[in-house]
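Accompanying notes for the structure given below.
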Amino acid sequence: MNKNSWLKKLEENRNIVLITCILCFAFSFCVQIWRMFPLSDVLMGHDHQYHYLRVEAVRSKIQNGGLFTGGIDYLFLGGAGYASSAAYPSLLLYIPALLRTAGLGVGYSMKIFLLAVSAVTYILMHYCVKNISGSQICGSLAAVMYTLSVYRADNLYVRFALGEFVAFLFWPLIIYGLYDLAYKGLKKPWILGAGFCGMLLTHTISTVIASVFAFVYFMCSLRKILKIRGTFLRLCLTAAGSMLVTAYYWMPFLEMLTAEDMAVSHPTFRASDFTVSLFTMLGDSDIEGLGIVMFLAVIPRLFLTEKSPAYEMIRMDTDCGESRPAPLAFADALLITAFAAAFFATDYAPWQFIGKFLDGLQFAWRVYGLVTASLAVSGALYTYYILKYTDALKRGAVIITAVFALGYGVHSNGKNVNHCYPDNSYYDVPDNTYTIGMGEWLPDAFRREGDKAREKTKCITFDGNVVSDDFAREYGIVVFDVPDAGYSTAEVPFVWYKGYTAEDETGQRLDVRISECGLLDVDISNASGTVTVWHHTTAVQDVSLALSLISLAAFAAVSVKKQRKNKIIFQKEKGVIKDE
């Protein structure tokens, strides 16, 4: 080939690394767009109705001015309300909900949101691994492996597990934050803090898994962490700050769990009943597989051992006092994490002993999020070390992108079954708002009563047996007249949660309690005229929201002050500002 060929010129271009990274992103992102066409259709999966209903519930909140309802979404259960937002944070769902409010269709709104999540997931993984390795190419390798992984695809196309899919945004931040903790003395505490805050406000089960992972890593790296002065203090402050910022969610959540016996305390599924075989894990299973490709990505580690010919080509010195470069040592820790977590998902693990601790995961393969992130980061780092010293970084990045894109396309082919709802007012029909999955966040009394409780969400029942549909229900408010027959209780069509208030037309407060069906019982024995029932925020909800807002304001002020200080220092160093 001519030395002056276009390929030679391209390879000698000083921007070739940037071009390669952009091409890797563009190609992997195009594959994901392709699997979502047509964008107007509704993407289906096991849990799609519940998650679309969550978006529509947030839209209803926006339109009805019900943002402060204590986490209760009144579009659910025909208007009876369900504490979905209280237990399953809806912060990021405001994006598709606002698109819906602006007039976009159900399919367009959700798919725009999903594509945005995919793009940001790629960018965050690229950023985090680039900072760990010091290489743009290595960041691209990890981002490609991660966003085009089998489990992430199944979360979208098969399960439509929206919370877990969005939680993939924050695994890279947590992993990078732990690297910064162990090797840099937590110089960037906001990375680890943002990772855990985002995870907690997205998917609770993933947060539990991430917390266990972080604790184990912290204990294993304790000696290293304590060597860098001030690291432990910064970690404590980061943890405290994260808890304060997210207080508006977890404090009311704990209050809800302790106020009444909730269905989540009586799980329908237990993780010990949903373990997987090794063949299933490595195979092409719809929801229980990781795929062989993710594990093949870490094979380059075999060539980085002391007896490997490639070992002598790599400089193994570091200022961290390790026999391996810090990124490589960290990759080894992630590799061990991945294999350990994967082991606990299999039927080889001693579930007869660990079940009582881990059954709350519902499915043993929930740990695949951590496994996928760990394999992607470690595999990218191993591959980077090999490609770097064989002068094949750019070509290797292109080849790996093509392999993972092909695997993603083949695996997901035929799994994104689309279904067009009749119109965009599908959930305006009350009967279509009762699909709430396993209903973990209902009072257990409501779930036990089943169809009987459902029928009672459509009427008022006096003294347990006299049924009336003579009432008015708007968003979060029920109004009815006290009958002349002298009834003592009225079972109001609201699911019971702490915080409900009832008043008669004289302003007299009426006692409220949970009914046998898990609905709201109002004592009307001394009431007169018209009774109004509504939900107000509890003291815990008010205090927690104030704590979160004050904390956010304080962090914003500190950040602005620090930026100004750094700017002044930079200007002094450049001679723009002279010391007096």
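Quick note on naming: the chains in the structure tokens go A, B, ... in the order shown, residues restart at 1 in each chain, and ligands are numbered from 1 in order of appearance.
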
Mind checking which residues fall within 9 Å of range 193-209 of chain A, counting only C-alpha atoms, ignoring those fewer than 5 positions away in the same chain, and posting them as an MDAnalysis selection string?
chainID A and resid 87:92 163:164 166:175 177 214 238:239 241:243 245:246 249:250 360:361 366:367 369:370

Output N, CA, C and O atoms of each residue in that selection to a file, as a compact mmCIF listing (two decimals), in the first residue's frame.
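File written: selection-v7.txt
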```
# COMPACT_ATOMS: atom_id res chain seq x y z
N ALA A 87 -41.76 4.55 47.47
CA ALA A 87 -40.88 3.40 47.60
C ALA A 87 -40.01 3.18 46.37
O ALA A 87 -38.97 2.53 46.45
N TYR A 88 -40.41 3.74 45.24
CA TYR A 88 -39.72 3.53 43.97
C TYR A 88 -39.51 4.91 43.37
O TYR A 88 -40.32 5.36 42.56
N PRO A 89 -38.45 5.62 43.76
CA PRO A 89 -38.29 7.04 43.41
C PRO A 89 -38.52 7.33 41.93
O PRO A 89 -38.09 6.58 41.06
N SER A 90 -39.18 8.45 41.68
CA SER A 90 -39.57 8.81 40.31
C SER A 90 -38.79 10.02 39.78
O SER A 90 -39.23 10.65 38.81
N LEU A 91 -37.66 10.35 40.40
CA LEU A 91 -36.94 11.57 40.04
C LEU A 91 -36.65 11.67 38.55
O LEU A 91 -37.00 12.65 37.89
N LEU A 92 -36.03 10.64 37.98
CA LEU A 92 -35.67 10.68 36.56
C LEU A 92 -36.87 10.49 35.65
O LEU A 92 -36.81 10.84 34.46
N GLY A 163 -36.34 0.49 36.43
CA GLY A 163 -35.51 0.94 37.53
C GLY A 163 -34.11 0.38 37.46
O GLY A 163 -33.12 1.11 37.62
N GLU A 164 -33.99 -0.90 37.20
CA GLU A 164 -32.68 -1.54 37.13
C GLU A 164 -31.91 -1.08 35.88
O GLU A 164 -30.69 -0.93 35.91
N VAL A 166 -32.13 1.90 34.45
CA VAL A 166 -31.64 3.25 34.72
C VAL A 166 -30.51 3.22 35.75
O VAL A 166 -29.58 4.03 35.70
N ALA A 167 -30.56 2.25 36.68
CA ALA A 167 -29.51 2.13 37.70
C ALA A 167 -28.15 1.86 37.08
O ALA A 167 -27.12 2.12 37.72
N PHE A 168 -28.12 1.35 35.85
CA PHE A 168 -26.84 1.14 35.16
C PHE A 168 -26.08 2.45 34.98
O PHE A 168 -24.87 2.44 34.74
N LEU A 169 -26.76 3.57 35.09
CA LEU A 169 -26.09 4.87 35.02
C LEU A 169 -25.05 5.03 36.12
O LEU A 169 -24.02 5.69 35.91
N PHE A 170 -25.30 4.43 37.28
CA PHE A 170 -24.55 4.80 38.47
C PHE A 170 -23.49 3.79 38.90
O PHE A 170 -22.66 4.10 39.74
N TRP A 171 -23.50 2.59 38.33
CA TRP A 171 -22.44 1.64 38.64
C TRP A 171 -21.05 2.19 38.28
O TRP A 171 -20.11 2.04 39.08
N PRO A 172 -20.88 2.84 37.12
CA PRO A 172 -19.54 3.38 36.81
C PRO A 172 -19.07 4.40 37.84
O PRO A 172 -17.88 4.42 38.20
N LEU A 173 -19.97 5.25 38.31
CA LEU A 173 -19.58 6.27 39.30
C LEU A 173 -19.17 5.63 40.61
O LEU A 173 -18.18 6.06 41.25
N ILE A 174 -19.89 4.60 41.04
CA ILE A 174 -19.54 3.91 42.29
C ILE A 174 -18.19 3.22 42.15
O ILE A 174 -17.33 3.30 43.05
N ILE A 175 -17.96 2.56 41.03
CA ILE A 175 -16.68 1.87 40.82
C ILE A 175 -15.53 2.86 40.77
O ILE A 175 -14.48 2.66 41.41
N GLY A 177 -15.53 5.83 42.06
CA GLY A 177 -15.43 6.42 43.39
C GLY A 177 -14.64 5.54 44.33
O GLY A 177 -13.84 6.04 45.15
N ALA A 214 -19.42 -2.13 48.26
CA ALA A 214 -18.57 -1.05 48.73
C ALA A 214 -18.01 -1.35 50.12
O ALA A 214 -16.83 -1.06 50.40
N THR A 238 -18.61 12.30 53.11
CA THR A 238 -19.31 11.96 51.87
C THR A 238 -20.55 11.12 52.15
O THR A 238 -21.63 11.36 51.60
N ALA A 239 -20.39 10.14 53.04
CA ALA A 239 -21.53 9.29 53.40
C ALA A 239 -22.63 10.11 54.07
O ALA A 239 -23.82 9.98 53.75
N GLY A 241 -23.13 13.37 53.80
CA GLY A 241 -23.72 14.27 52.81
C GLY A 241 -24.70 13.55 51.90
O GLY A 241 -25.78 14.07 51.59
N SER A 242 -24.36 12.34 51.50
CA SER A 242 -25.25 11.56 50.63
C SER A 242 -26.55 11.22 51.35
O SER A 242 -27.64 11.27 50.77
N MET A 243 -26.44 10.87 52.63
CA MET A 243 -27.63 10.55 53.40
C MET A 243 -28.53 11.78 53.57
O MET A 243 -29.76 11.68 53.51
N VAL A 245 -28.70 14.47 51.52
CA VAL A 245 -29.28 14.85 50.22
C VAL A 245 -30.45 13.96 49.86
O VAL A 245 -31.45 14.41 49.29
N THR A 246 -30.36 12.68 50.20
CA THR A 246 -31.42 11.73 49.84
C THR A 246 -32.40 11.50 50.98
O THR A 246 -33.26 10.61 50.89
N TYR A 249 -36.16 10.94 50.56
CA TYR A 249 -36.67 9.65 50.10
C TYR A 249 -36.63 8.59 51.20
O TYR A 249 -37.66 7.99 51.53
N TRP A 250 -35.44 8.37 51.78
CA TRP A 250 -35.31 7.20 52.64
C TRP A 250 -35.96 7.37 54.01
O TRP A 250 -36.41 6.38 54.60
N GLY A 360 -34.34 -11.37 49.99
CA GLY A 360 -34.98 -10.10 49.64
C GLY A 360 -34.61 -9.57 48.26
O GLY A 360 -35.27 -8.65 47.75
N LEU A 361 -33.59 -10.15 47.63
CA LEU A 361 -33.21 -9.75 46.27
C LEU A 361 -34.26 -10.18 45.25
O LEU A 361 -34.24 -9.74 44.10
N ARG A 366 -30.17 -10.88 40.26
CA ARG A 366 -30.15 -9.42 40.40
C ARG A 366 -28.72 -8.89 40.51
O ARG A 366 -28.47 -7.71 40.24
N VAL A 367 -27.79 -9.74 40.96
CA VAL A 367 -26.39 -9.31 41.12
C VAL A 367 -25.71 -9.10 39.77
O VAL A 367 -24.57 -8.63 39.73
N GLY A 369 -26.07 -6.89 37.59
CA GLY A 369 -25.68 -5.51 37.33
C GLY A 369 -24.27 -5.25 37.80
O GLY A 369 -23.44 -4.67 37.07
N LEU A 370 -23.96 -5.67 39.02
CA LEU A 370 -22.60 -5.52 39.56
C LEU A 370 -21.61 -6.36 38.76
O LEU A 370 -20.50 -5.89 38.45
```

Just the residues within 7 Å of Gly185 in chain A, please, counting only C-alpha atoms, with nothing from its chain fewer than 6 positions along; format it as a PyMOL selection string.
chain A and resi 225+228+231

Write out as a list in words which residues come within 10 Å of Val31 in chain A when counting only C-alpha atoms, dropping same-chain ones fewer than 4 positions away.
Ala26, Phe27, Arg35, Met36, Leu148, Ala405, Leu406, Tyr408 and Gly409 of chain A

What lies within 9 Å of Ser488 in chain A using only C-alpha atoms, ignoring chain neighbours under 5 positions off, as a count of residues only?
7

If DSSP is run on the backbone, what residues of range 333-380 of chain A are helix (DSSP H, G or I)? A reply as a PyMOL selection string would be ideal.
chain A and resi 333-344+351-361+364-380

Expected file: the selected residues, N, CA, C and O atoms, as a compact mmCIF listing (two decimals), in the first residue's frame:
```txt
# COMPACT_ATOMS: atom_id res chain seq x y z
N ALA A 333 -9.20 -6.68 41.54
CA ALA A 333 -10.22 -6.66 42.60
C ALA A 333 -11.62 -6.76 42.00
O ALA A 333 -12.49 -7.46 42.53
N LEU A 334 -11.84 -6.07 40.88
CA LEU A 334 -13.15 -6.12 40.22
C LEU A 334 -13.40 -7.51 39.63
O LEU A 334 -14.54 -7.99 39.63
N LEU A 335 -12.35 -8.14 39.13
CA LEU A 335 -12.50 -9.48 38.57
C LEU A 335 -12.93 -10.46 39.66
O LEU A 335 -13.83 -11.29 39.45
N ILE A 336 -12.29 -10.37 40.81
CA ILE A 336 -12.67 -11.22 41.94
C ILE A 336 -14.12 -10.94 42.35
O ILE A 336 -14.91 -11.86 42.62
N THR A 337 -14.47 -9.66 42.38
CA THR A 337 -15.84 -9.27 42.73
C THR A 337 -16.84 -9.89 41.76
O THR A 337 -17.88 -10.42 42.17
N ALA A 338 -16.54 -9.79 40.46
CA ALA A 338 -17.45 -10.31 39.43
C ALA A 338 -17.68 -11.80 39.59
O ALA A 338 -18.82 -12.28 39.55
N PHE A 339 -16.59 -12.55 39.78
CA PHE A 339 -16.73 -14.00 39.89
C PHE A 339 -17.41 -14.40 41.20
O PHE A 339 -18.20 -15.35 41.22
N ALA A 340 -17.13 -13.66 42.27
CA ALA A 340 -17.78 -13.97 43.55
C ALA A 340 -19.28 -13.70 43.47
O ALA A 340 -20.10 -14.51 43.91
N ALA A 341 -19.66 -12.54 42.90
CA ALA A 341 -21.07 -12.19 42.78
C ALA A 341 -21.78 -13.17 41.85
O ALA A 341 -22.92 -13.59 42.12
N ALA A 342 -21.12 -13.53 40.75
CA ALA A 342 -21.72 -14.49 39.81
C ALA A 342 -21.93 -15.84 40.48
O ALA A 342 -22.94 -16.52 40.25
N PHE A 343 -20.99 -16.23 41.33
CA PHE A 343 -21.13 -17.50 42.05
C PHE A 343 -22.38 -17.51 42.93
O PHE A 343 -23.12 -18.50 42.99
N PHE A 344 -22.66 -16.38 43.60
CA PHE A 344 -23.82 -16.31 44.49
C PHE A 344 -25.14 -16.34 43.72
O PHE A 344 -26.19 -16.53 44.33
N TRP A 351 -27.33 -21.58 49.37
CA TRP A 351 -28.53 -20.78 49.60
C TRP A 351 -29.33 -21.25 50.80
O TRP A 351 -30.12 -20.49 51.36
N GLN A 352 -29.13 -22.50 51.24
CA GLN A 352 -29.84 -22.94 52.42
C GLN A 352 -29.39 -22.19 53.67
O GLN A 352 -30.12 -22.10 54.67
N PHE A 353 -28.18 -21.60 53.60
CA PHE A 353 -27.66 -20.81 54.72
C PHE A 353 -27.79 -19.31 54.47
O PHE A 353 -28.11 -18.55 55.39
N ILE A 354 -27.55 -18.87 53.25
CA ILE A 354 -27.54 -17.43 52.97
C ILE A 354 -28.91 -16.91 52.53
O ILE A 354 -29.11 -15.70 52.42
N GLY A 355 -29.86 -17.82 52.32
CA GLY A 355 -31.17 -17.40 51.84
C GLY A 355 -31.86 -16.42 52.77
O GLY A 355 -32.49 -15.45 52.32
N LYS A 356 -31.72 -16.63 54.08
CA LYS A 356 -32.41 -15.75 55.03
C LYS A 356 -31.86 -14.33 55.00
O LYS A 356 -32.52 -13.39 55.45
N PHE A 357 -30.63 -14.15 54.44
CA PHE A 357 -30.06 -12.82 54.31
C PHE A 357 -30.28 -12.21 52.93
O PHE A 357 -30.40 -11.00 52.79
N LEU A 358 -30.33 -13.06 51.90
CA LEU A 358 -30.36 -12.57 50.52
C LEU A 358 -31.66 -12.82 49.78
O LEU A 358 -31.79 -12.42 48.63
N ASP A 359 -32.63 -13.46 50.42
CA ASP A 359 -33.90 -13.74 49.73
C ASP A 359 -34.62 -12.47 49.31
O ASP A 359 -35.43 -12.47 48.38
N GLY A 360 -34.34 -11.37 49.99
CA GLY A 360 -34.98 -10.10 49.64
C GLY A 360 -34.61 -9.57 48.26
O GLY A 360 -35.27 -8.65 47.75
N LEU A 361 -33.59 -10.15 47.63
CA LEU A 361 -33.21 -9.75 46.27
C LEU A 361 -34.26 -10.18 45.25
O LEU A 361 -34.24 -9.74 44.10
N ALA A 364 -31.97 -14.32 42.31
CA ALA A 364 -30.53 -14.40 42.57
C ALA A 364 -29.73 -13.66 41.51
O ALA A 364 -28.67 -13.09 41.80
N TRP A 365 -30.25 -13.62 40.28
CA TRP A 365 -29.49 -12.99 39.20
C TRP A 365 -29.58 -11.47 39.22
O TRP A 365 -29.08 -10.80 38.31
N ARG A 366 -30.17 -10.88 40.26
CA ARG A 366 -30.15 -9.42 40.40
C ARG A 366 -28.72 -8.89 40.51
O ARG A 366 -28.47 -7.71 40.24
N VAL A 367 -27.79 -9.74 40.96
CA VAL A 367 -26.39 -9.31 41.12
C VAL A 367 -25.71 -9.10 39.77
O VAL A 367 -24.57 -8.63 39.73
N TYR A 368 -26.39 -9.43 38.67
CA TYR A 368 -25.76 -9.32 37.35
C TYR A 368 -25.38 -7.87 37.01
O TYR A 368 -24.50 -7.64 36.18
N GLY A 369 -26.07 -6.89 37.59
CA GLY A 369 -25.68 -5.51 37.33
C GLY A 369 -24.27 -5.25 37.80
O GLY A 369 -23.44 -4.67 37.07
N LEU A 370 -23.96 -5.67 39.02
CA LEU A 370 -22.60 -5.52 39.56
C LEU A 370 -21.61 -6.36 38.76
O LEU A 370 -20.50 -5.89 38.45
N VAL A 371 -22.00 -7.58 38.41
CA VAL A 371 -21.11 -8.46 37.64
C VAL A 371 -20.79 -7.82 36.29
O VAL A 371 -19.63 -7.78 35.86
N THR A 372 -21.81 -7.32 35.61
CA THR A 372 -21.61 -6.70 34.30
C THR A 372 -20.68 -5.51 34.37
O THR A 372 -19.74 -5.37 33.56
N ALA A 373 -20.91 -4.61 35.33
CA ALA A 373 -20.06 -3.42 35.46
C ALA A 373 -18.63 -3.81 35.80
O ALA A 373 -17.67 -3.24 35.25
N SER A 374 -18.45 -4.77 36.70
CA SER A 374 -17.10 -5.19 37.10
C SER A 374 -16.35 -5.85 35.95
O SER A 374 -15.16 -5.59 35.74
N LEU A 375 -17.04 -6.70 35.18
CA LEU A 375 -16.40 -7.36 34.05
C LEU A 375 -16.06 -6.35 32.95
O LEU A 375 -15.01 -6.46 32.31
N ALA A 376 -16.93 -5.39 32.73
CA ALA A 376 -16.68 -4.38 31.69
C ALA A 376 -15.45 -3.55 32.02
O ALA A 376 -14.58 -3.32 31.16
N VAL A 377 -15.33 -3.10 33.27
CA VAL A 377 -14.19 -2.26 33.66
C VAL A 377 -12.90 -3.08 33.68
O VAL A 377 -11.88 -2.65 33.12
N SER A 378 -12.93 -4.23 34.31
CA SER A 378 -11.71 -5.05 34.37
C SER A 378 -11.31 -5.55 32.99
O SER A 378 -10.12 -5.52 32.63
N GLY A 379 -12.29 -5.99 32.19
CA GLY A 379 -11.98 -6.45 30.83
C GLY A 379 -11.38 -5.36 29.98
O GLY A 379 -10.43 -5.59 29.21
N ALA A 380 -11.91 -4.14 30.09
CA ALA A 380 -11.37 -3.02 29.33
C ALA A 380 -9.93 -2.70 29.75
O ALA A 380 -9.08 -2.43 28.91
```

Excluding Pro96 in chain A and residues on its chain fewer than 2 positions from it, collect all residues at most 7 Å away from it, counting only C-alpha atoms, and give them as a PyMOL selection string.
chain A and resi 55+93-94+98-100+109-110+113

Mind writing the picked residues with N, CA and C atoms as a compact mmCIF listing (two decimals), in the first residue's frame?
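Final output, saved to result-v2.txt:
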```
# COMPACT_ATOMS: atom_id res chain seq x y z
N VAL A 55 -44.85 6.53 34.80
CA VAL A 55 -44.62 7.78 34.06
C VAL A 55 -45.91 8.57 33.95
N LEU A 93 -37.96 9.96 36.19
CA LEU A 93 -39.15 9.77 35.36
C LEU A 93 -39.84 11.08 35.02
N TYR A 94 -39.41 12.16 35.64
CA TYR A 94 -39.96 13.46 35.27
C TYR A 94 -39.57 13.83 33.83
N LEU A 98 -42.56 14.86 31.55
CA LEU A 98 -42.62 16.22 30.99
C LEU A 98 -42.80 16.17 29.47
N LEU A 99 -42.19 15.18 28.82
CA LEU A 99 -42.40 15.01 27.38
C LEU A 99 -43.85 14.67 27.09
N ARG A 100 -44.42 13.83 27.94
CA ARG A 100 -45.84 13.49 27.78
C ARG A 100 -46.71 14.73 28.00
N SER A 109 -42.10 9.35 24.03
CA SER A 109 -41.59 9.89 25.30
C SER A 109 -40.66 8.90 25.99
N MET A 110 -41.10 7.65 26.06
CA MET A 110 -40.30 6.65 26.75
C MET A 110 -39.03 6.32 25.97
N PHE A 113 -36.41 8.95 26.28
CA PHE A 113 -35.81 8.83 27.62
C PHE A 113 -34.82 7.67 27.67
```

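Our summary of the geometry notes that CA of Ile22 in chain A is positioned 12.2 Å from CA of Ala119 in chain A.
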
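CA of Val42 in chain A to CA of Gly107 in chain A spans 4.5 Å [interatomic distance, one decimal].
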
Calculated over only C-alpha atoms, which of the candidates A:Tyr74, A:Tyr157, A:Arg234, A:Tyr183 has the smallest distance to Val478 in chain A?
A:Tyr74

Contacts of range 320-431 of chain A with range 60-70 of chain A up to 12 Å, shortest pair per row, only C-alpha atoms, as a Markdown table:
```
| residue | atom | partner | partner_atom | distance |
| --- | --- | --- | --- | --- |
| A:Ser425 | CA | A:Ser60 | CA | 11.6 |
| A:Tyr427 | CA | A:Ser60 | CA | 10.4 |
| A:Asp428 | CA | A:Ser60 | CA | 9.9 |
```

Non-local contacts of Leu290 in chain A (10 Å; only C-alpha atoms; under 4 positions in same chain excluded) as a list in words:
Ser149, Val150, Tyr151, Arg152, Asp154, Thr280, Met281, Leu282, Gly283, Asp284, Ser285, Asp286, Met294, Phe295, Ala342, Trp365, Tyr368, Gly369, Val371 and Thr372 of chain A

Top pick for closest residue to Leu23 in chain A, considering A:Glu491, A:Met44, A:Ser528, A:Thr401 and counting only C-alpha atoms:
A:Thr401

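Checking A:Leu244, A:Leu278, A:Leu141, A:Ile514 one by one against Asp261 in chain A, counting only C-alpha atoms, you find the shortest gap at A:Ile514.
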
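Of the listed residues A:Ile137, A:Lys562, A:Val492, A:Asn155, the one whose atoms come nearest to Leu114 in chain A is A:Asn155, with distances taken using only C-alpha atoms.
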
Quote the spacing between CA of Leu520 in chain A and CA of Pro267 in chain A in Å to one decimal place.
23.5 Å
